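Asker: This is my_file.cif, which holds mmCIF, C-alpha atoms:
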```cif
data_my_file
#
loop_
_atom_site.label_atom_id
_atom_site.label_comp_id
_atom_site.auth_asym_id
_atom_site.auth_seq_id
_atom_site.Cartn_x
_atom_site.Cartn_y
_atom_site.Cartn_z
CA MET A 1 59.92 47.57 188.63
CA THR A 2 56.47 48.10 190.16
CA TRP A 3 57.57 46.80 193.58
CA PHE A 4 60.60 49.06 193.43
CA LEU A 5 58.43 52.13 192.84
CA VAL A 6 56.06 51.11 195.65
CA LEU A 7 59.01 50.64 198.00
CA GLN A 8 60.42 54.04 197.07
CA PHE A 9 57.02 55.67 197.62
CA PHE A 10 56.59 54.20 201.13
CA SER A 11 60.19 55.11 201.95
CA MET A 12 59.62 58.72 200.95
CA MET A 13 56.37 58.84 202.97
CA LEU A 14 58.15 57.56 206.08
CA THR A 15 60.93 60.09 205.56
CA LEU A 16 58.38 62.92 205.26
CA LEU A 17 56.63 61.76 208.46
CA ARG A 18 59.99 61.69 210.28
CA LEU A 19 60.95 65.13 208.96
CA GLY A 20 57.59 66.49 210.05
CA ARG A 21 58.42 65.52 213.64
CA THR A 22 61.99 66.89 213.40
CA SER A 23 62.77 70.36 214.69
CA GLU A 24 64.16 73.07 212.45
CA THR A 25 67.52 72.95 214.27
CA ASP A 26 67.88 69.21 213.66
CA LYS A 27 67.01 69.70 210.00
CA ASP A 28 69.66 72.38 209.65
CA LEU A 29 72.25 70.12 211.27
CA GLU A 30 71.35 67.24 208.93
CA ILE A 31 71.62 69.52 205.91
CA LEU A 32 75.06 70.70 207.04
CA ILE A 33 76.23 67.09 207.56
CA LEU A 34 74.96 66.01 204.14
CA ARG A 35 76.57 69.02 202.48
CA GLN A 36 79.88 68.25 204.18
CA GLN A 37 79.79 64.68 202.85
CA LEU A 38 78.80 65.92 199.38
CA ASP A 39 81.84 68.22 199.31
CA ILE A 40 84.10 65.29 200.23
CA LEU A 41 82.57 63.12 197.46
CA GLN A 42 82.95 65.83 194.83
CA ARG A 43 86.60 66.25 195.75
CA GLN A 44 87.13 62.50 195.29
CA GLN A 45 85.79 62.30 191.73
CA ASP A 46 89.22 62.15 190.07
CA LYS A 47 91.06 60.09 192.64
CA PRO A 48 90.50 59.00 196.24
CA VAL A 49 91.55 61.74 198.64
CA LYS A 50 91.61 61.48 202.41
CA PRO A 51 89.41 64.04 204.24
CA THR A 52 91.33 66.94 205.68
CA ARG A 53 91.58 67.62 209.38
CA ALA A 54 89.13 70.54 209.03
CA GLU A 55 86.57 68.30 207.30
CA LYS A 56 86.95 65.64 209.99
CA LEU A 57 86.51 68.30 212.68
CA THR A 58 83.37 69.74 211.09
CA LEU A 59 81.72 66.37 210.46
CA ALA A 60 82.58 65.06 213.93
CA VAL A 61 81.23 68.11 215.75
CA LEU A 62 78.02 68.28 213.70
CA SER A 63 77.28 64.57 214.13
CA ALA A 64 77.96 64.69 217.85
CA ASN A 65 75.64 67.67 218.31
CA LEU A 66 72.90 66.01 216.26
CA LYS A 67 73.16 62.83 218.31
CA LYS A 68 73.11 64.83 221.54
CA GLN A 69 70.00 66.80 220.58
CA THR A 70 67.93 64.01 219.06
CA LYS A 71 69.17 61.26 221.41
CA ARG A 72 69.06 58.72 218.58
CA PRO A 73 71.17 55.55 218.64
CA VAL A 74 74.13 55.28 216.30
CA ASN A 75 72.49 52.79 213.94
CA GLN A 76 69.87 55.43 212.98
CA PHE A 77 72.62 57.67 211.64
CA ARG A 78 73.54 55.21 208.88
CA SER A 79 70.93 56.73 206.57
CA LEU A 80 72.41 60.17 207.22
CA ILE A 81 76.16 59.49 207.26
CA ARG A 82 76.90 57.80 203.96
CA VAL A 83 80.55 58.49 203.19
CA PHE A 84 81.91 57.08 206.47
CA GLN A 85 80.69 54.67 209.07
CA PRO A 86 79.11 56.43 212.07
CA GLU A 87 81.65 54.71 214.32
CA THR A 88 84.42 56.38 212.32
CA VAL A 89 82.92 59.84 212.71
CA PHE A 90 82.35 59.40 216.45
CA GLY A 91 85.90 58.07 216.72
CA TRP A 92 87.10 61.38 215.32
CA HIS A 93 85.00 63.15 217.94
CA ARG A 94 86.48 61.06 220.76
CA ALA A 95 89.96 61.95 219.48
CA LEU A 96 89.02 65.65 219.64
CA VAL A 97 87.78 65.24 223.20
CA LYS A 98 90.99 63.45 224.13
CA ARG A 99 93.08 66.28 222.67
CA LYS A 100 90.99 68.82 224.58
CA TRP A 101 91.89 67.24 227.93
CA THR A 102 95.51 66.62 227.04
CA HIS A 103 97.45 69.70 228.10
CA ALA A 104 100.61 70.48 229.96
CA ARG A 105 100.33 71.07 233.67
CA LYS A 106 101.29 74.51 234.82
CA ASN A 107 102.40 73.28 238.21
CA LYS A 108 104.15 69.95 237.82
CA VAL A 109 103.99 67.65 240.80
CA GLY A 110 106.24 64.76 241.79
CA ARG A 111 109.93 64.23 241.12
CA PRO A 112 111.37 65.54 237.84
CA PRO A 113 111.81 62.98 235.04
CA THR A 114 115.19 61.35 234.51
CA ALA A 115 117.26 62.99 231.80
CA GLU A 116 117.57 61.07 228.52
CA GLU A 117 121.37 61.05 228.79
CA VAL A 118 121.16 59.38 232.20
CA LYS A 119 118.69 56.80 230.86
CA LYS A 120 121.04 55.95 227.99
CA LEU A 121 123.93 55.61 230.44
CA VAL A 122 121.92 53.25 232.68
CA ILE A 123 121.02 51.07 229.68
CA LYS A 124 124.65 51.11 228.51
CA LEU A 125 125.94 49.97 231.92
CA ALA A 126 123.34 47.19 232.10
CA LEU A 127 124.08 45.86 228.61
CA GLU A 128 127.85 45.97 229.05
CA ASN A 129 127.76 44.32 232.50
CA ASP A 130 125.33 41.40 232.63
CA ASP A 131 125.92 40.65 236.31
CA TRP A 132 125.33 44.18 237.62
CA GLY A 133 122.14 44.58 239.62
CA TYR A 134 120.18 47.77 240.24
CA GLY A 135 122.23 48.62 243.34
CA LYS A 136 125.54 48.16 241.56
CA ILE A 137 124.45 50.38 238.66
CA SER A 138 123.17 53.02 241.10
CA GLY A 139 126.51 52.95 242.92
CA GLU A 140 128.46 53.25 239.68
CA LEU A 141 126.36 56.28 238.72
CA GLU A 142 127.00 57.88 242.10
CA LYS A 143 130.73 57.45 241.46
CA LEU A 144 130.19 59.45 238.27
CA GLY A 145 128.37 62.22 240.13
CA ILE A 146 124.83 61.10 239.15
CA GLU A 147 122.31 60.43 241.92
CA LEU A 148 119.72 57.85 240.90
CA SER A 149 117.91 55.43 243.18
CA GLU A 150 117.76 51.68 242.66
CA THR A 151 114.01 51.97 242.02
CA ALA A 152 114.57 54.49 239.24
CA VAL A 153 117.24 52.26 237.70
CA GLY A 154 114.85 49.32 237.76
CA ASP A 155 112.06 51.37 236.16
CA ILE A 156 114.35 52.46 233.31
CA LEU A 157 115.55 48.92 232.59
CA ARG A 158 112.07 47.39 232.77
CA ALA A 159 110.77 50.02 230.34
CA GLU A 160 113.48 48.90 227.88
CA GLY A 161 112.66 45.23 228.39
CA ILE A 162 116.01 44.47 230.09
CA GLU A 163 115.85 41.67 232.63
CA PRO A 164 117.32 41.94 236.15
CA ALA A 165 120.88 40.78 236.76
CA PRO A 166 120.17 37.18 237.87
CA VAL A 167 118.16 36.59 234.68
CA ARG A 168 120.23 38.79 232.41
CA ALA A 169 123.55 37.36 233.51
CA GLY A 170 124.53 34.00 232.13
CA SER A 171 127.60 32.20 230.95
CA ILE A 172 130.28 34.27 229.24
CA GLY A 173 129.59 34.49 225.53
CA TRP A 174 132.06 33.43 222.87
CA LYS A 175 132.52 37.02 221.76
CA THR A 176 133.54 38.10 225.26
CA LEU A 177 135.74 35.06 225.75
CA MET A 178 137.55 35.45 222.44
CA SER A 179 138.10 39.18 222.99
CA HIS A 180 140.29 38.21 225.96
CA TYR A 181 142.50 35.88 223.92
CA ARG A 182 142.53 37.61 220.55
CA GLU A 183 145.78 39.46 221.28
CA GLN A 184 147.49 36.06 221.49
CA LEU A 185 145.98 34.37 218.44
CA LEU A 186 147.11 33.97 214.85
CA ALA A 187 145.05 32.70 211.95
CA CYS A 188 146.04 31.51 208.49
CA ASP A 189 144.34 30.57 205.26
CA PHE A 190 144.80 29.91 201.54
CA PHE A 191 142.98 31.39 198.58
CA ASN A 192 143.37 31.00 194.82
CA ILE A 193 143.75 33.56 192.06
CA GLU A 194 143.42 32.93 188.32
CA THR A 195 145.88 34.81 186.12
CA ILE A 196 145.02 36.30 182.76
CA TRP A 197 146.41 33.09 181.20
CA LEU A 198 144.10 30.96 183.44
CA LYS A 199 146.96 29.74 185.60
CA THR A 200 145.93 29.07 189.21
CA LEU A 201 148.11 30.68 191.89
CA THR A 202 147.74 29.90 195.59
CA VAL A 203 148.26 32.68 198.15
CA PHE A 204 149.09 31.77 201.75
CA PHE A 205 148.87 34.41 204.51
CA PHE A 206 148.79 34.84 208.29
CA ILE A 207 146.78 37.44 210.20
CA ASP A 208 147.15 38.66 213.79
CA ILE A 209 143.66 38.43 215.33
CA GLY A 210 144.34 41.23 217.81
CA THR A 211 145.98 43.87 215.62
CA ARG A 212 144.62 42.65 212.24
CA GLN A 213 148.14 42.88 210.79
CA VAL A 214 148.51 40.63 207.75
CA TYR A 215 151.69 38.74 206.80
CA LEU A 216 152.04 37.48 203.24
CA ALA A 217 153.57 34.03 203.65
CA GLY A 218 154.01 33.06 200.03
CA ILE A 219 152.63 32.58 196.52
CA THR A 220 152.99 29.45 194.44
CA ASP A 221 151.31 27.45 191.73
CA HIS A 222 152.07 24.16 193.48
CA PRO A 223 151.64 24.29 197.29
CA THR A 224 153.48 21.15 198.39
CA HIS A 225 153.81 20.04 202.01
CA HIS A 226 157.47 21.03 201.99
CA TRP A 227 156.59 24.54 200.75
CA VAL A 228 153.85 25.02 203.37
CA THR A 229 156.18 23.86 206.16
CA GLN A 230 158.84 26.32 205.03
CA GLN A 231 156.33 29.17 205.21
CA ALA A 232 155.57 28.12 208.78
CA ARG A 233 159.29 28.35 209.66
CA ASN A 234 159.49 31.80 208.05
CA GLN A 235 156.50 33.00 210.07
CA VAL A 236 157.98 31.69 213.32
CA TRP A 237 161.22 33.58 212.60
CA THR A 238 159.17 36.75 212.00
CA ILE A 239 157.42 36.24 215.33
CA GLN A 240 160.75 35.81 217.11
CA GLU A 241 162.22 38.94 215.49
CA GLN A 242 159.23 41.06 216.49
CA GLU A 243 159.20 39.49 219.99
CA ASP A 244 155.50 38.76 219.72
CA GLU A 245 153.85 36.18 221.93
CA PHE A 246 151.10 33.93 220.61
CA CYS A 247 149.39 31.00 222.30
CA GLY A 248 147.42 29.60 219.36
CA LEU A 249 147.09 29.38 215.59
CA ILE A 250 143.65 28.96 214.02
CA ARG A 251 143.52 26.98 210.78
CA ASP A 252 141.06 24.91 208.80
CA ASN A 253 141.34 21.24 207.85
CA ASP A 254 142.81 21.79 204.40
CA LYS A 255 144.88 18.86 203.14
CA LYS A 256 147.64 21.33 202.29
CA PHE A 257 148.61 21.45 205.98
CA PRO A 258 151.03 18.59 206.81
CA GLU A 259 151.87 17.41 210.31
CA SER A 260 155.25 19.09 210.01
CA PHE A 261 153.44 22.44 209.73
CA ASP A 262 151.83 21.90 213.14
CA ASP A 263 155.12 20.70 214.61
CA VAL A 264 156.87 23.95 213.71
CA PHE A 265 154.41 26.05 215.73
CA GLU A 266 154.02 23.59 218.57
CA SER A 267 157.79 23.65 219.06
CA GLU A 268 157.33 27.34 219.91
CA ASN A 269 154.47 26.55 222.37
CA ILE A 270 151.85 27.79 219.89
CA ASN A 271 148.89 25.43 219.96
CA ILE A 272 147.15 24.48 216.71
CA ILE A 273 143.40 25.20 216.84
CA ARG A 274 141.56 23.34 214.10
CA ILE A 275 138.12 24.64 213.24
CA PRO A 276 135.22 22.18 212.77
CA TYR A 277 134.61 20.74 209.31
CA ARG A 278 132.50 22.91 207.00
CA ALA A 279 132.47 25.77 209.52
CA PRO A 280 134.36 28.67 207.90
CA ASN A 281 132.80 31.12 210.37
CA ALA A 282 135.03 29.61 213.05
CA ASN A 283 137.93 31.22 211.19
CA ALA A 284 135.97 34.39 210.47
CA VAL A 285 138.84 36.89 210.64
CA ALA A 286 140.91 35.08 208.02
CA GLU A 287 137.84 34.48 205.83
CA ARG A 288 136.94 38.17 206.02
CA MET A 289 140.52 39.04 205.03
CA VAL A 290 140.18 36.89 201.90
CA ARG A 291 137.12 38.92 200.98
CA THR A 292 139.05 42.15 201.58
CA PHE A 293 141.88 40.96 199.31
CA ARG A 294 139.42 40.29 196.52
CA GLN A 295 136.95 43.14 196.97
CA GLU A 296 139.43 45.99 197.46
CA CYS A 297 142.29 44.82 195.29
CA LEU A 298 142.30 41.66 193.17
CA ASP A 299 138.82 41.98 191.65
CA LYS A 300 139.94 45.25 190.05
CA ILE A 301 143.20 43.99 188.49
CA LEU A 302 144.04 41.36 185.87
CA ILE A 303 146.97 39.37 187.24
CA LEU A 304 149.67 38.53 184.67
CA ASN A 305 151.88 36.09 186.57
CA GLU A 306 153.27 35.18 189.99
CA ALA A 307 155.71 38.11 190.11
CA HIS A 308 152.93 40.55 189.26
CA LEU A 309 150.66 39.12 191.95
CA ARG A 310 153.46 39.32 194.55
CA ARG A 311 154.12 42.99 193.75
CA VAL A 312 150.40 43.84 193.88
CA LEU A 313 149.85 42.13 197.24
CA LYS A 314 152.95 43.63 198.81
CA GLU A 315 151.89 47.15 197.84
CA PHE A 316 148.34 46.53 199.01
CA LEU A 317 149.52 45.16 202.38
CA VAL A 318 151.72 48.18 203.00
CA TYR A 319 148.60 50.32 202.62
CA TYR A 320 146.43 47.85 204.57
CA ASN A 321 148.77 47.49 207.54
CA GLU A 322 149.99 51.08 207.83
CA ARG A 323 147.35 53.47 206.49
CA ARG A 324 143.94 51.83 206.00
CA PRO A 325 141.37 52.69 208.74
CA HIS A 326 139.67 49.66 210.34
CA GLN A 327 136.24 49.86 211.89
CA GLY A 328 137.07 47.01 214.25
CA LEU A 329 140.09 48.99 215.53
CA ASP A 330 138.27 52.31 216.11
CA GLN A 331 139.42 53.54 212.68
CA GLN A 332 143.07 52.85 213.49
CA SER A 333 145.46 50.78 211.34
CA PRO A 334 147.04 47.45 212.34
CA ILE A 335 150.36 49.29 212.68
CA GLU A 336 149.21 52.26 214.72
CA ARG A 337 149.41 55.57 212.91
CA PRO A 338 150.77 58.72 214.58
CA GLU A 339 148.41 61.47 215.66
CA PRO A 340 146.88 63.04 212.53
CA LEU A 341 147.72 66.58 211.55
CA THR A 342 144.83 69.04 211.88
CA GLU A 343 146.34 71.66 209.59
CA GLY A 344 148.09 71.50 206.28
CA LEU A 345 147.31 70.80 202.66
CA ILE A 346 145.37 67.56 201.98
CA GLN A 347 147.07 65.36 199.39
CA LYS A 348 146.08 62.15 197.60
CA ARG A 349 148.39 59.15 197.28
CA ARG A 350 147.52 56.72 194.48
CA VAL A 351 147.87 53.08 195.56
CA LEU A 352 148.20 50.43 192.84
CA GLY A 353 147.98 53.06 190.12
CA GLY A 354 144.78 54.60 191.46
CA ILE A 355 142.84 51.46 192.38
CA ILE A 356 142.87 52.85 195.94
CA ASN A 357 143.18 56.51 196.96
CA ASP A 358 144.97 57.29 200.23
CA TYR A 359 144.62 60.80 201.69
CA PHE A 360 147.02 62.55 204.03
CA ARG A 361 148.07 66.03 205.13
CA LEU A 362 151.32 67.75 204.33
CA PRO A 363 152.86 69.50 207.34
CA ALA A 364 152.33 73.23 207.28
CA PRO A 365 155.50 75.06 206.26
CA VAL A 366 157.50 76.55 209.11
CA PRO A 367 157.68 80.34 208.70
CA LYS A 368 161.20 81.60 208.14
CA PRO A 369 162.59 83.91 210.79
CA GLN A 370 162.66 87.49 209.67
CA THR A 371 166.09 89.04 209.51
CA ALA A 372 166.67 92.54 210.74
#
```
As structure tokens, please, write out the structure in this file.

Answerer:
Amino acid sequence: MTWFLVLQFFSMMLTLLRLGRTSETDKDLEILILRQQLDILQRQQDKPVKPTRAEKLTLAVLSANLKKQTKRPVNQFRSLIRVFQPETVFGWHRALVKRKWTHARKNKVGRPPTAEEVKKLVIKLALENDDWGYGKISGELEKLGIELSETAVGDILRAEGIEPAPVRAGSIGWKTLMSHYREQLLACDFFNIETIWLKTLTVFFFIDIGTRQVYLAGITDHPTHHWVTQQARNQVWTIQEQEDEFCGLIRDNDKKFPESFDDVFESENINIIRIPYRAPNANAVAERMVRTFRQECLDKILILNEAHLRRVLKEFLVYYNERRPHQGLDQQSPIERPEPLTEGLIQKRRVLGGIINDYFRLPAPVPKPQTA
């Protein structure tokens, strides 16, 4: 305790000697700084509160002026600035100086900046065409009535982190390759449904990869090889009636598919494309359709028997194929809908008793001709 009192005494004496050599202006500045910090501490008694912009401004300006007048190093301010580190306060001051010298030029020099719409278009062209260089993109823009040099195109793409054409371009991706053939591909799959009496029913369906139109092949509780082959024949007859042309059928390696199933399609020059084992993503469109069946329809209904399931799926597929918007088809339906009406009363059609709501417009009534 004695040493503590002695230390405090010598500390006070040194402080008095320093204050005796300090000018009145410096003392006033120190008092203002200490008062500013005291106000901040009193405001933080209940809960921590960040200093306001006005408090930062005041403390930064006062500290900078005190340092400028006394010419003391930063480490000597630690006894004066107690709430914040001196580096923090001088950082605020540097930010103020930076804002002071940041202002808009009255007379802008150089070429005008490229419009944001043009920048987005340049990026869009580069991402959609991997083998287009700066010159090709510049030429395509000129065809659209936009003048932009190759250098400007390169600056825009480099700012977005997009590599030049030789680096950016590579082999054609699977997505691009499959988009070319999807109009000529079918896919098929099975899924099971448990009835209310815990009887397992197997649903077999086909889906057109290009249009997303779904064909319900059949429903059974015992999918034999003979039954599966017959569904293949039925689907081939449907293809012939609609005069569609397909080059391939994607299927998994389920044991339900017999060799006779493949023979039916191969006789019509439709190649069988088997996906790798344990790779359901290779048949992603059909797998996603199974999820749609369950999520939008079957998970909301208790199935009684095979006849009930068949009626439910047929009604759902009429809605799915003819009226349901698809994000992958630009909000169109697999069977393309006519142009929507822009006028008329909006009505609601209840699908499956209200499980799904379908909205449409009634044509506006034609006014009757007035008789004389």

Asker: List as a PyMOL selection string the protein and nucleic acid residues near A:Asn269, meaning an atom at most 9 Å away when all atoms listed in the file are counted, but skip any in the same chain fewer than 4 places from it.

Answerer: chain A and resi 246-248+265

Asker: So the first atom is atom CA of A:Asp208 and the second is atom CA of A:Gln231; what is the distance between them in Å, to one decimal place?

Answerer: 15.7 Å

Asker: Find the residues of stretch 274-324 of chain A that sit at most 9 Å from stretch 196-202 of chain A; for each, write down the nearest two atoms and how far apart they are in Å, to one decimal. Count all atoms listed in the file. Sort by chain, then by number going up, and give it as JSON lines.

Answerer:
```
{"residue": "A:Leu302", "atom": "CA", "partner": "A:Ile196", "partner_atom": "CA", "distance": 6.0}
{"residue": "A:Ile303", "atom": "CA", "partner": "A:Ile196", "partner_atom": "CA", "distance": 5.8}
{"residue": "A:Leu304", "atom": "CA", "partner": "A:Ile196", "partner_atom": "CA", "distance": 5.5}
{"residue": "A:Asn305", "atom": "CA", "partner": "A:Ile196", "partner_atom": "CA", "distance": 7.8}
{"residue": "A:Glu306", "atom": "CA", "partner": "A:Leu201", "partner_atom": "CA", "distance": 7.1}
{"residue": "A:Leu309", "atom": "CA", "partner": "A:Leu201", "partner_atom": "CA", "distance": 8.8}
```

Asker: Name the residues that the PyMOL selection byres ((chain A and resi 137) around 12) pulls out of this structure, and write them as a ChimeraX atom specification.

Answerer: /A:118-119,121-136,138-144,146-154,156-157,164-165

Asker: Can you tell me how far atom CA of A:Ile301 sits from atom CA of A:Ile193, in Å to one decimal?

Answerer: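 Interatomic distance, atom CA of A:Ile301 to atom CA of A:Ile193: 11.0 Å.
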
Asker: So that I can see what lies close to A:Pro334, please list as a PDB file with C-alpha atoms, in the coordinates of the input the residues with an atom at most 9 Å from it, counting all atoms listed in the file and leaving out residues fewer than 2 positions away in the same chain.

Answerer:
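As written to disk, around.pdb reads:
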```
ATOM      1  CA  ASP A 208     147.150  38.660 213.790  1.00  0.00           C
ATOM      2  CA  GLY A 210     144.340  41.230 217.810  1.00  0.00           C
ATOM      3  CA  THR A 211     145.980  43.870 215.620  1.00  0.00           C
ATOM      4  CA  ARG A 212     144.620  42.650 212.240  1.00  0.00           C
ATOM      5  CA  GLN A 213     148.140  42.880 210.790  1.00  0.00           C
ATOM      6  CA  VAL A 214     148.510  40.630 207.750  1.00  0.00           C
ATOM      7  CA  TYR A 320     146.430  47.850 204.570  1.00  0.00           C
ATOM      8  CA  ASN A 321     148.770  47.490 207.540  1.00  0.00           C
ATOM      9  CA  GLU A 322     149.990  51.080 207.830  1.00  0.00           C
ATOM     10  CA  ARG A 323     147.350  53.470 206.490  1.00  0.00           C
ATOM     11  CA  ARG A 324     143.940  51.830 206.000  1.00  0.00           C
ATOM     12  CA  PRO A 325     141.370  52.690 208.740  1.00  0.00           C
ATOM     13  CA  HIS A 326     139.670  49.660 210.340  1.00  0.00           C
ATOM     14  CA  LEU A 329     140.090  48.990 215.530  1.00  0.00           C
ATOM     15  CA  GLN A 332     143.070  52.850 213.490  1.00  0.00           C
ATOM     16  CA  GLU A 336     149.210  52.260 214.720  1.00  0.00           C
ATOM     17  CA  ARG A 337     149.410  55.570 212.910  1.00  0.00           C
TER      18      ARG A 337
END
```

Asker: Can you spell out as a list in words the set of residues that the PyMOL selection byres ((chain A and resi 280) around 12) selects in the structure I just provided?

Answerer: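 So the PyMOL selection byres ((chain A and resi 280) around 12) ends up selecting Asp189, Ile250, Arg251, Asp252, Asn253, Asp254, Arg274, Ile275, Pro276, Tyr277, Arg278, Ala279, Asn281, Ala282, Asn283, Ala284, Val285, Ala286, Glu287, Arg288 and Val290 of chain A.
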
Asker: Taking the file as shown, what set of residues would the PyMOL selection byres ((chain A and resi 362) around 6) give back, as a PyMOL selection string?

Answerer: chain A and resi 344-345+361+363

Asker: If you measure from atom CA of A:Asn234 to atom CA of A:Leu216, what distance in Å do you get, rounded to one decimal?

Answerer: 10.5 Å

Asker: Using all atoms listed in the file, which residue out of A:Ile335, A:Ile219, A:Ile356, A:Ile33 lies closest to A:Asn192?

Answerer: A:Ile219

Asker: Point out the residue among A:Tyr319, A:Gly145, A:Glu266, A:Pro338 with the least atom-to-atom distance to A:Tyr359, counting all atoms listed in the file.

Answerer: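 Closest candidate: A:Tyr319.
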
Asker: Identify, on the basis of all atoms listed in the file, every residue whose closest approach to A:Asn357 does not exceed 12 Å; exclude the query and any residue fewer than 4 positions from it along the same chain; express the result as JSON, numbers by chain.

Answerer: {"A": [296, 297, 316, 319, 320, 323, 324, 347, 348, 349, 350, 351, 352, 353]}

Asker: Measuring between all atoms listed in the file, which one of A:Phe191, A:Arg233, A:Pro340, A:Glu241 shows the shortest distance to A:Asp263?

Answerer: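 Checking each candidate against A:Asp263, we get A:Arg233 as the closest.
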
Asker: Quick one: everything within 9 Å of A:Val264, counting all atoms listed in the file, minus sequence neighbours fewer than 6 positions away in the same chain. Send it as a PyMOL selection string.

Answerer: chain A and resi 229+232-233+236+270

Asker: Looking at A:Glu183, A:His225, A:Cys188, A:Ile346, which one is nearest to A:Ile273, with distances taken over all atoms listed in the file?

Answerer: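 Among A:Glu183, A:His225, A:Cys188, A:Ile346, it is A:Cys188 that comes nearest to A:Ile273.
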